[in-house]
file start01.cif (mmCIF, C-alpha atoms)
data_upload
loop_
_atom_site.group_PDB
_atom_site.id
_atom_site.type_symbol
_atom_site.label_atom_id
_atom_site.label_comp_id
_atom_site.auth_asym_id
_atom_site.auth_seq_id
_atom_site.Cartn_x
_atom_site.Cartn_y
_atom_site.Cartn_z
ATOM 1 C CA ASN A 476 -59.334 2.051 -76.857
ATOM 2 C CA GLN A 477 -55.639 1.667 -75.878
ATOM 3 C CA TYR A 478 -55.755 5.257 -74.581
ATOM 4 C CA PHE A 479 -58.440 4.497 -71.985
ATOM 5 C CA LYS A 480 -58.983 2.221 -69.027
ATOM 6 C CA ASP A 481 -62.156 1.236 -67.266
ATOM 7 C CA ALA A 482 -62.998 2.641 -63.850
ATOM 8 C CA GLU A 483 -65.896 2.005 -61.496
ATOM 9 C CA CYS A 484 -67.078 4.212 -58.660
ATOM 10 C CA PHE A 485 -66.854 2.603 -55.207
ATOM 11 C CA ASP A 486 -69.784 4.726 -53.979
ATOM 12 C CA CYS A 487 -72.431 4.585 -56.734
ATOM 13 C CA GLY A 488 -71.112 1.769 -58.964
ATOM 14 C CA HIS A 489 -71.062 3.953 -62.107
ATOM 15 C CA LYS A 490 -68.696 2.559 -64.764
ATOM 16 C CA PHE A 491 -66.787 4.951 -66.993
ATOM 17 C CA LYS A 492 -63.571 5.305 -69.009
ATOM 18 C CA THR A 493 -60.594 7.368 -67.963
ATOM 19 C CA GLY A 494 -57.222 8.177 -69.513
ATOM 20 C CA ARG A 495 -54.721 5.297 -69.546
ATOM 21 C CA SER A 496 -52.153 7.297 -67.569
ATOM 22 C CA ALA A 497 -54.603 8.811 -65.048
ATOM 23 C CA ARG A 498 -53.646 8.216 -61.405
ATOM 24 C CA SER A 499 -57.049 9.207 -60.040
ATOM 25 C CA ALA A 500 -60.477 10.235 -61.235
ATOM 26 C CA ASN A 501 -63.710 11.687 -59.979
ATOM 27 C CA CYS A 502 -66.934 9.837 -60.684
ATOM 28 C CA PRO A 503 -68.880 11.737 -63.368
ATOM 29 C CA THR A 504 -72.141 10.717 -61.659
ATOM 30 C CA CYS A 505 -71.605 11.379 -57.937
ATOM 31 C CA GLY A 506 -68.234 13.186 -57.885
ATOM 32 C CA ALA A 507 -66.534 10.682 -55.547
ATOM 33 C CA TYR A 508 -62.718 10.470 -55.632
ATOM 34 C CA ILE A 509 -61.312 7.215 -57.056
ATOM 35 C CA SER A 510 -57.651 6.255 -56.843
ATOM 36 C CA LEU A 511 -56.330 4.399 -59.901
ATOM 37 C CA GLU A 512 -52.800 3.909 -58.541
ATOM 38 C CA ASP A 513 -51.132 0.554 -58.004
ATOM 39 C CA VAL A 514 -50.163 -0.135 -54.386
ATOM 40 C CA GLU A 515 -47.058 -2.070 -53.387
ATOM 41 C CA VAL A 516 -46.566 -3.395 -49.836
ATOM 42 C CA ASN A 517 -42.901 -4.149 -48.952
ATOM 43 C CA MET A 518 -43.115 -4.130 -45.144
ATOM 44 C CA ASN A 519 -45.723 -3.975 -42.381
ATOM 45 C CA SER A 520 -48.680 -1.827 -43.391
ATOM 46 C CA THR A 521 -51.913 -1.102 -41.550
ATOM 47 C CA SER A 522 -53.481 1.364 -43.999
ATOM 48 C CA PRO A 523 -56.735 0.350 -45.697
ATOM 49 C CA VAL A 524 -56.339 0.117 -49.484
ATOM 50 C CA LYS A 525 -59.023 1.446 -51.827
ATOM 51 C CA THR A 526 -57.915 1.676 -55.441
ATOM 52 C CA ARG A 527 -59.018 0.586 -58.906
ATOM 53 C CA GLY A 528 -55.354 -0.238 -59.534
ATOM 54 C CA ASP A 529 -53.515 -3.413 -58.549
ATOM 55 C CA VAL A 530 -52.115 -4.364 -55.142
ATOM 56 C CA ILE A 531 -48.868 -6.310 -54.753
ATOM 57 C CA ILE A 532 -47.868 -7.666 -51.342
ATOM 58 C CA ARG A 533 -44.146 -8.479 -51.632
ATOM 59 C CA LYS A 534 -42.475 -11.438 -49.893
ATOM 60 C CA ARG A 535 -41.513 -9.302 -46.862
ATOM 61 C CA GLY A 536 -44.830 -7.449 -47.000
ATOM 62 C CA HIS A 537 -47.420 -7.875 -44.256
ATOM 63 C CA LEU A 538 -50.728 -6.074 -44.852
ATOM 64 C CA SER A 539 -52.850 -5.954 -41.701
ATOM 65 C CA THR A 540 -55.880 -3.699 -42.210
ATOM 66 C CA SER A 541 -59.677 -3.707 -42.254
ATOM 67 C CA SER A 542 -60.151 -3.832 -46.021
ATOM 68 C CA VAL A 543 -58.492 -3.980 -49.417
ATOM 69 C CA GLN A 544 -60.447 -3.008 -52.532
ATOM 70 C CA CYS A 545 -58.593 -3.290 -55.823
ATOM 71 C CA ARG A 546 -58.517 -4.585 -59.389
ATOM 72 C CA ASP A 547 -55.997 -7.458 -59.056
ATOM 73 C CA LEU A 548 -54.110 -8.652 -55.965
ATOM 74 C CA ARG A 549 -50.791 -10.535 -56.046
ATOM 75 C CA CYS A 550 -49.732 -11.785 -52.631
ATOM 76 C CA PHE A 551 -46.229 -13.134 -51.936
ATOM 77 C CA GLY A 552 -46.346 -12.126 -48.254
ATOM 78 C CA ILE A 553 -49.103 -12.086 -45.624
ATOM 79 C CA SER A 554 -52.601 -10.609 -45.989
ATOM 80 C CA GLU A 555 -54.743 -9.915 -42.930
ATOM 81 C CA ALA A 556 -57.641 -8.008 -44.471
ATOM 82 C CA ASN A 557 -61.040 -8.444 -46.050
ATOM 83 C CA VAL A 558 -60.098 -8.407 -49.728
ATOM 84 C CA HIS A 559 -62.451 -7.470 -52.583
ATOM 85 C CA CYS A 560 -60.883 -7.736 -56.065
ATOM 86 C CA ALA A 561 -62.704 -6.884 -59.272
ATOM 87 C CA GLY A 562 -60.240 -9.208 -61.033
ATOM 88 C CA ASP A 563 -57.810 -11.877 -59.837
ATOM 89 C CA ALA A 564 -56.432 -12.683 -56.385
ATOM 90 C CA ILE A 565 -53.190 -14.583 -56.968
ATOM 91 C CA PHE A 566 -51.291 -16.069 -54.035
ATOM 92 C CA LYS A 567 -47.753 -17.447 -54.020
ATOM 93 C CA ALA A 568 -47.170 -17.380 -50.308
ATOM 94 C CA THR A 569 -46.791 -19.399 -47.113
ATOM 95 C CA GLY A 570 -48.735 -18.734 -43.919
ATOM 96 C CA ALA A 571 -52.161 -17.837 -42.555
ATOM 97 C CA MET A 572 -54.336 -15.381 -44.468
ATOM 98 C CA ILE A 573 -56.953 -13.709 -42.261
ATOM 99 C CA GLY A 574 -60.038 -12.045 -43.727
ATOM 100 C CA GLU A 575 -62.593 -12.936 -46.353
ATOM 101 C CA ILE A 576 -61.416 -12.896 -49.975
ATOM 102 C CA ARG A 577 -63.911 -12.003 -52.740
ATOM 103 C CA CYS A 578 -62.675 -11.938 -56.327
ATOM 104 C CA HIS A 579 -63.333 -12.974 -59.914
ATOM 105 C CA ARG A 580 -60.539 -15.582 -60.061
ATOM 106 C CA PHE A 581 -58.736 -17.017 -57.012
ATOM 107 C CA ILE A 582 -55.411 -18.649 -57.921
ATOM 108 C CA VAL A 583 -52.900 -20.353 -55.627
ATOM 109 C CA GLU A 584 -49.593 -20.898 -57.431
ATOM 110 C CA LYS A 585 -47.086 -23.760 -57.017
ATOM 111 C CA GLY A 586 -44.850 -23.465 -53.985
ATOM 112 C CA SER A 587 -47.562 -21.998 -51.751
ATOM 113 C CA ASP A 588 -48.849 -23.386 -48.454
ATOM 114 C CA ILE A 589 -51.622 -21.144 -47.186
ATOM 115 C CA THR A 590 -54.242 -21.408 -44.482
ATOM 116 C CA LEU A 591 -57.406 -19.392 -45.126
ATOM 117 C CA LYS A 592 -58.938 -18.367 -41.797
ATOM 118 C CA ASN A 593 -62.073 -17.036 -43.580
ATOM 119 C CA PRO A 594 -63.885 -18.271 -46.714
ATOM 120 C CA VAL A 595 -62.906 -17.438 -50.265
ATOM 121 C CA ARG A 596 -65.760 -16.441 -52.606
ATOM 122 C CA ALA A 597 -64.850 -16.388 -56.303
ATOM 123 C CA ASP A 598 -66.261 -16.963 -59.792
ATOM 124 C CA GLU A 599 -63.378 -19.316 -60.697
ATOM 125 C CA VAL A 600 -60.745 -21.076 -58.592
ATOM 126 C CA GLU A 601 -57.399 -22.706 -59.477
ATOM 127 C CA ILE A 602 -55.340 -24.464 -56.808
ATOM 128 C CA HIS A 603 -51.768 -25.559 -57.676
ATOM 129 C CA ALA A 604 -50.382 -25.908 -54.122
ATOM 130 C CA ARG A 605 -51.508 -26.636 -50.555
ATOM 131 C CA VAL A 606 -54.548 -24.744 -49.254
ATOM 132 C CA THR A 607 -56.389 -25.201 -45.964
ATOM 133 C CA GLY A 608 -59.770 -23.475 -45.810
ATOM 134 C CA THR A 609 -63.278 -23.107 -47.216
ATOM 135 C CA ILE A 610 -63.835 -22.220 -50.869
ATOM 136 C CA TYR A 611 -67.071 -21.054 -52.529
ATOM 137 C CA SER A 612 -67.104 -20.680 -56.312
ATOM 138 C CA SER A 613 -70.021 -19.669 -58.523
ATOM 139 C CA GLY A 614 -68.167 -21.399 -61.382
ATOM 140 C CA PRO A 615 -65.507 -24.093 -61.752
ATOM 141 C CA VAL A 616 -62.820 -25.173 -59.280
ATOM 142 C CA LEU A 617 -59.643 -26.791 -60.613
ATOM 143 C CA ILE A 618 -57.295 -28.615 -58.266
ATOM 144 C CA GLY A 619 -54.058 -29.126 -60.219
ATOM 145 C CA ALA A 620 -51.625 -32.053 -60.062
ATOM 146 C CA ASN A 621 -49.673 -30.383 -57.219
ATOM 147 C CA GLY A 622 -52.821 -28.945 -55.615
ATOM 148 C CA SER A 623 -54.317 -30.017 -52.317
ATOM 149 C CA VAL A 624 -57.350 -28.571 -50.548
ATOM 150 C CA ASN A 625 -57.971 -29.388 -46.883
ATOM 151 C CA GLY A 626 -61.473 -28.039 -46.360
ATOM 152 C CA ASP A 627 -64.884 -27.810 -47.961
ATOM 153 C CA VAL A 628 -65.395 -26.767 -51.581
ATOM 154 C CA THR A 629 -68.757 -25.536 -52.922
ATOM 155 C CA ALA A 630 -68.830 -24.917 -56.682
ATOM 156 C CA ARG A 631 -70.604 -25.441 -60.015
ATOM 157 C CA SER A 632 -67.957 -28.051 -60.924
ATOM 158 C CA VAL A 633 -64.809 -29.474 -59.352
ATOM 159 C CA SER A 634 -61.974 -30.925 -61.460
ATOM 160 C CA ILE A 635 -59.118 -32.735 -59.756
ATOM 161 C CA GLU A 636 -56.108 -33.553 -61.921
ATOM 162 C CA PRO A 637 -54.189 -36.795 -61.220
ATOM 163 C CA GLY A 638 -52.007 -36.089 -58.167
ATOM 164 C CA GLY A 639 -54.348 -33.388 -56.839
ATOM 165 C CA GLU A 640 -56.382 -33.997 -53.702
ATOM 166 C CA LEU A 641 -59.435 -32.755 -51.836
ATOM 167 C CA ASN A 642 -59.755 -33.588 -48.147
ATOM 168 C CA GLY A 643 -63.180 -32.263 -47.206
ATOM 169 C CA ALA A 644 -66.740 -32.024 -48.457
ATOM 170 C CA MET A 645 -67.414 -31.329 -52.136
ATOM 171 C CA ASN A 646 -70.744 -29.585 -52.759
ATOM 172 C CA ILE A 647 -71.850 -29.173 -56.360
ATOM 173 C CA VAL A 648 -74.474 -26.450 -56.875
ATOM 174 C CA ARG A 649 -76.660 -25.970 -59.929
ATOM 175 C CA ALA A 650 -77.426 -22.286 -59.523
ATOM 176 C CA LYS A 651 -74.998 -19.591 -58.437
ATOM 177 C CA PRO A 652 -74.575 -19.804 -54.657
ATOM 178 C CA ALA A 653 -75.947 -16.808 -52.809
ATOM 179 C CA ALA A 654 -73.171 -14.361 -51.974
ATOM 180 C CA GLY A 655 -73.637 -14.297 -48.237
#

call {"tool": "encode", "arguments": {"input": "start01.cif", "output": "structure tokens"}}
result
Amino acid sequence: NQYFKDAECFDCGHKFKTGRSARSANCPTCGAYISLEDVEVNMNSTSPVKTRGDVIIRKRGHLSTSSVQCRDLRCFGISEANVHCAGDAIFKATGAMIGEIRCHRFIVEKGSDITLKNPVRADEVEIHARVTGTIYSSGPVLIGANGSVNGDVTARSVSIEPGGELNGAMNIVRAKPAAG
């Protein structure tokens, strides 16, 4: 299995395996082209990103586009895009992030101070720095000892470590919230 990686078609949703070193693939079901390359943003970029690889926005990077679709996103710079990650969206940045973020895990690392202009929708959330914005999680939310959320949090459970803070409404839901 170390020779293969998983891929999923953006068009028809078909999941299949492809060679570990492949940089692109065509969906065996519908024939659509799928990029598997990692994308690195080091400066201003306005190109939409659509890859099953990872996206890294470097400290000087500023991604301003309509949409980003990727496996994992690591943001050290500024993101102004609707982001859809199959995996993790990890932020270690300062500034305003514009656009809705949808991902499996949303993580804000120590040293960050971000303002989310649109909601975050994730399966799991970890906050270890200052975040201003609205967070929806279909699973748990953890606000770490250095974490602070200024805004509303809707989740299955919310854990706040000593030193962490939540300034806003906390809504606990029993069922998964509707992805709207």

call {"tool": "resolve_selection", "arguments": {"input": "start01.cif", "expression": "the PyMOL selection byres ((chain A and resi 586) around 10)", "output": "PyMOL selection string"}}
result
chain A and resi 566-569+583-585+587-589+603-605+621-622

call {"tool": "write_last_selection", "arguments": {"input": "start01.cif", "atoms": "C-alpha atoms", "output": "JSON list (two decimals), in the coordinates of the input"}}
result
[["chain", "number", "residue", "atom", "x", "y", "z"],
["A", 566, "PHE", "CA", -51.29, -16.07, -54.04],
["A", 567, "LYS", "CA", -47.75, -17.45, -54.02],
["A", 568, "ALA", "CA", -47.17, -17.38, -50.31],
["A", 569, "THR", "CA", -46.79, -19.40, -47.11],
["A", 583, "VAL", "CA", -52.90, -20.35, -55.63],
["A", 584, "GLU", "CA", -49.59, -20.90, -57.43],
["A", 585, "LYS", "CA", -47.09, -23.76, -57.02],
["A", 587, "SER", "CA", -47.56, -22.00, -51.75],
["A", 588, "ASP", "CA", -48.85, -23.39, -48.45],
["A", 589, "ILE", "CA", -51.62, -21.14, -47.19],
["A", 603, "HIS", "CA", -51.77, -25.56, -57.68],
["A", 604, "ALA", "CA", -50.38, -25.91, -54.12],
["A", 605, "ARG", "CA", -51.51, -26.64, -50.56],
["A", 621, "ASN", "CA", -49.67, -30.38, -57.22],
["A", 622, "GLY", "CA", -52.82, -28.94, -55.62]]

call {"tool": "atom_distance", "arguments": {"input": "start01.cif", "atom1": "CA of Ser554 (chain A)", "atom2": "CA of Tyr611 (chain A)"}}
result
19.0 Å

call {"tool": "closest_residue", "arguments": {"input": "start01.cif", "among": "A:Thr607, A:Ser613, A:Ser623, A:Asn557", "to": "Val543 (chain A)", "atoms": "all atoms listed in the file"}}
result
A:Asn557

call {"tool": "resolve_selection", "arguments": {"input": "start01.cif", "expression": "the PyMOL selection byres ((chain A and resi 599) around 9)", "output": "list in words"}}
result
Cys578, His579, Arg580, Phe581, Ile582, Arg596, Ala597, Asp598, Val600, Glu601, Ser612, Ser613, Gly614, Pro615, Val616, Leu617 and Ala630 of chain A

call {"tool": "residues_around", "arguments": {"input": "start01.cif", "residues": "Leu641 (chain A)", "least_positions_apart": "4", "cutoff": "8 Å", "atoms": "only C-alpha atoms", "output": "PDB file with C-alpha atoms, keeping the file's coordinate frame"}}
result
ATOM      1  CA  ILE A 618     -57.295 -28.615 -58.266  1.00  0.00           C
ATOM      2  CA  SER A 623     -54.317 -30.017 -52.317  1.00  0.00           C
ATOM      3  CA  VAL A 624     -57.350 -28.571 -50.548  1.00  0.00           C
ATOM      4  CA  ASN A 625     -57.971 -29.388 -46.883  1.00  0.00           C
ATOM      5  CA  GLY A 626     -61.473 -28.039 -46.360  1.00  0.00           C
ATOM      6  CA  ILE A 635     -59.118 -32.735 -59.756  1.00  0.00           C
TER       7      ILE A 635
END

call {"tool": "axis_aligned_box", "arguments": {"input": "start01.cif", "around": "region 620-637 of chain A", "padding_each_side": "4 Å", "output": "JSON"}}
result
{"center_x": -60.1, "center_y": -30.9, "center_z": -54.1, "size_x": 28.9, "size_y": 19.9, "size_z": 23.6}

call {"tool": "residues_near_point", "arguments": {"input": "start01.cif", "point": "(-58.3, 8.6, -73.1)", "cutoff": "10 Å", "atoms": "all atoms listed in the file", "output": "ChimeraX atom specification"}}
result
/A:476-480,492-497

call {"tool": "residues_around", "arguments": {"input": "start01.cif", "residues": "Leu511 (chain A)", "least_positions_apart": "5", "cutoff": "6 Å", "atoms": "only C-alpha atoms", "output": "list in words"}}
result
Arg498, Ser499, Thr526, Arg527 and Gly528 of chain A

call {"tool": "atom_distance", "arguments": {"input": "start01.cif", "atom1": "CA of Thr590 (chain A)", "atom2": "CA of Gly570 (chain A)"}}
result
6.1 Å

call {"tool": "residues_near_point", "arguments": {"input": "start01.cif", "point": "(-56.1, -2.9, -58.3)", "cutoff": "12 Å", "atoms": "all atoms listed in the file", "output": "PyMOL selection string"}}
result
chain A and resi 481-483+498+509-515+524-532+543-549+558-564+578

call {"tool": "closest_residue", "arguments": {"input": "start01.cif", "among": "A:Ile553, A:Ser539, A:Gly506, A:Ala571", "to": "Ser522 (chain A)", "atoms": "all atoms listed in the file"}}
result
A:Ser539

call {"tool": "atom_distance", "arguments": {"input": "start01.cif", "atom1": "CA of Val516 (chain A)", "atom2": "CA of Gly488 (chain A)"}}
result
26.7 Å

call {"tool": "closest_residue", "arguments": {"input": "start01.cif", "among": "A:Val628, A:Cys550, A:Ala500, A:Ile576", "to": "Arg535 (chain A)", "atoms": "all atoms listed in the file"}}
result
A:Cys550

call {"tool": "closest_residue", "arguments": {"input": "start01.cif", "among": "A:Phe485, A:Met518, A:Pro637, A:Leu538", "to": "Cys502 (chain A)", "atoms": "all atoms listed in the file"}}
result
A:Phe485

call {"tool": "closest_residue", "arguments": {"input": "start01.cif", "among": "A:Asn501, A:Ser634, A:Asn642, A:Asn519", "to": "Lys534 (chain A)", "atoms": "only C-alpha atoms"}}
result
A:Asn519

call {"tool": "closest_residue", "arguments": {"input": "start01.cif", "among": "A:Ala620, A:Cys484, A:Thr540, A:Ile602", "to": "Ile573 (chain A)", "atoms": "all atoms listed in the file"}}
result
A:Thr540

call {"tool": "resolve_selection", "arguments": {"input": "start01.cif", "expression": "the PyMOL selection byres ((chain A and resi 648) around 6)", "output": "JSON, numbers by chain"}}
result
{"A": [630, 631, 647, 649, 650]}

call {"tool": "write_last_selection", "arguments": {"input": "start01.cif", "atoms": "C-alpha atoms", "output": "tab-separated table (two decimals), in the coordinates of the input"}}
result
chain	number	residue	atom	x	y	z
A	630	ALA	CA	-68.83	-24.92	-56.68
A	631	ARG	CA	-70.60	-25.44	-60.02
A	647	ILE	CA	-71.85	-29.17	-56.36
A	649	ARG	CA	-76.66	-25.97	-59.93
A	650	ALA	CA	-77.43	-22.29	-59.52

call {"tool": "decode", "arguments": {"input": "start01.cif", "residues": "region 593-607 of chain A", "atoms": "N, CA, C and O atoms", "output": "JSON list (two decimals), in the first residue's frame"}}
result
[["chain", "number", "residue", "atom", "x", "y", "z"],
["A", 593, "ASN", "N", -15.85, 34.72, 7.50],
["A", 593, "ASN", "CA", -16.93, 33.78, 7.17],
["A", 593, "ASN", "C", -16.81, 32.59, 8.11],
["A", 593, "ASN", "O", -15.75, 32.36, 8.68],
["A", 594, "PRO", "N", -17.87, 31.79, 8.24],
["A", 594, "PRO", "CA", -17.83, 30.66, 9.19],
["A", 594, "PRO", "C", -16.85, 29.57, 8.79],
["A", 594, "PRO", "O", -16.54, 29.39, 7.62],
["A", 595, "VAL", "N", -16.40, 28.84, 9.80],
["A", 595, "VAL", "CA", -15.61, 27.63, 9.61],
["A", 595, "VAL", "C", -16.54, 26.47, 9.87],
["A", 595, "VAL", "O", -17.29, 26.47, 10.86],
["A", 596, "ARG", "N", -16.52, 25.45, 9.00],
["A", 596, "ARG", "CA", -17.31, 24.23, 9.19],
["A", 596, "ARG", "C", -16.34, 23.06, 9.16],
["A", 596, "ARG", "O", -15.71, 22.82, 8.14],
["A", 597, "ALA", "N", -16.24, 22.34, 10.29],
["A", 597, "ALA", "CA", -15.26, 21.26, 10.40],
["A", 597, "ALA", "C", -15.84, 20.11, 11.21],
["A", 597, "ALA", "O", -16.85, 20.26, 11.88],
["A", 598, "ASP", "N", -15.16, 18.95, 11.12],
["A", 598, "ASP", "CA", -15.54, 17.79, 11.94],
["A", 598, "ASP", "C", -14.91, 17.88, 13.32],
["A", 598, "ASP", "O", -15.48, 17.38, 14.29],
["A", 599, "GLU", "N", -13.72, 18.49, 13.41],
["A", 599, "GLU", "CA", -13.02, 18.68, 14.68],
["A", 599, "GLU", "C", -12.31, 20.02, 14.64],
["A", 599, "GLU", "O", -11.85, 20.44, 13.59],
["A", 600, "VAL", "N", -12.22, 20.68, 15.82],
["A", 600, "VAL", "CA", -11.60, 21.99, 15.89],
["A", 600, "VAL", "C", -10.67, 22.05, 17.10],
["A", 600, "VAL", "O", -11.03, 21.60, 18.18],
["A", 601, "GLU", "N", -9.46, 22.62, 16.89],
["A", 601, "GLU", "CA", -8.52, 22.87, 17.98],
["A", 601, "GLU", "C", -8.04, 24.31, 17.86],
["A", 601, "GLU", "O", -7.54, 24.71, 16.81],
["A", 602, "ILE", "N", -8.20, 25.07, 18.95],
["A", 602, "ILE", "CA", -7.80, 26.48, 18.95],
["A", 602, "ILE", "C", -6.73, 26.66, 20.03],
["A", 602, "ILE", "O", -7.00, 26.43, 21.21],
["A", 603, "HIS", "N", -5.52, 27.09, 19.61],
["A", 603, "HIS", "CA", -4.42, 27.31, 20.55],
["A", 603, "HIS", "C", -3.92, 28.75, 20.51],
["A", 603, "HIS", "O", -2.81, 29.03, 20.95],
["A", 604, "ALA", "N", -4.72, 29.66, 19.96],
["A", 604, "ALA", "CA", -4.35, 31.07, 19.86],
["A", 604, "ALA", "C", -5.64, 31.89, 19.73],
["A", 604, "ALA", "O", -6.73, 31.36, 19.93],
["A", 605, "ARG", "N", -5.52, 33.16, 19.36],
["A", 605, "ARG", "CA", -6.69, 34.03, 19.31],
["A", 605, "ARG", "C", -7.41, 33.93, 17.97],
["A", 605, "ARG", "O", -6.80, 34.06, 16.91],
["A", 606, "VAL", "N", -8.73, 33.68, 18.06],
["A", 606, "VAL", "CA", -9.57, 33.57, 16.87],
["A", 606, "VAL", "C", -10.82, 34.41, 17.09],
["A", 606, "VAL", "O", -11.45, 34.34, 18.14],
["A", 607, "THR", "N", -11.18, 35.21, 16.08],
["A", 607, "THR", "CA", -12.43, 35.95, 16.10],
["A", 607, "THR", "C", -13.25, 35.42, 14.93],
["A", 607, "THR", "O", -12.79, 35.46, 13.79]]
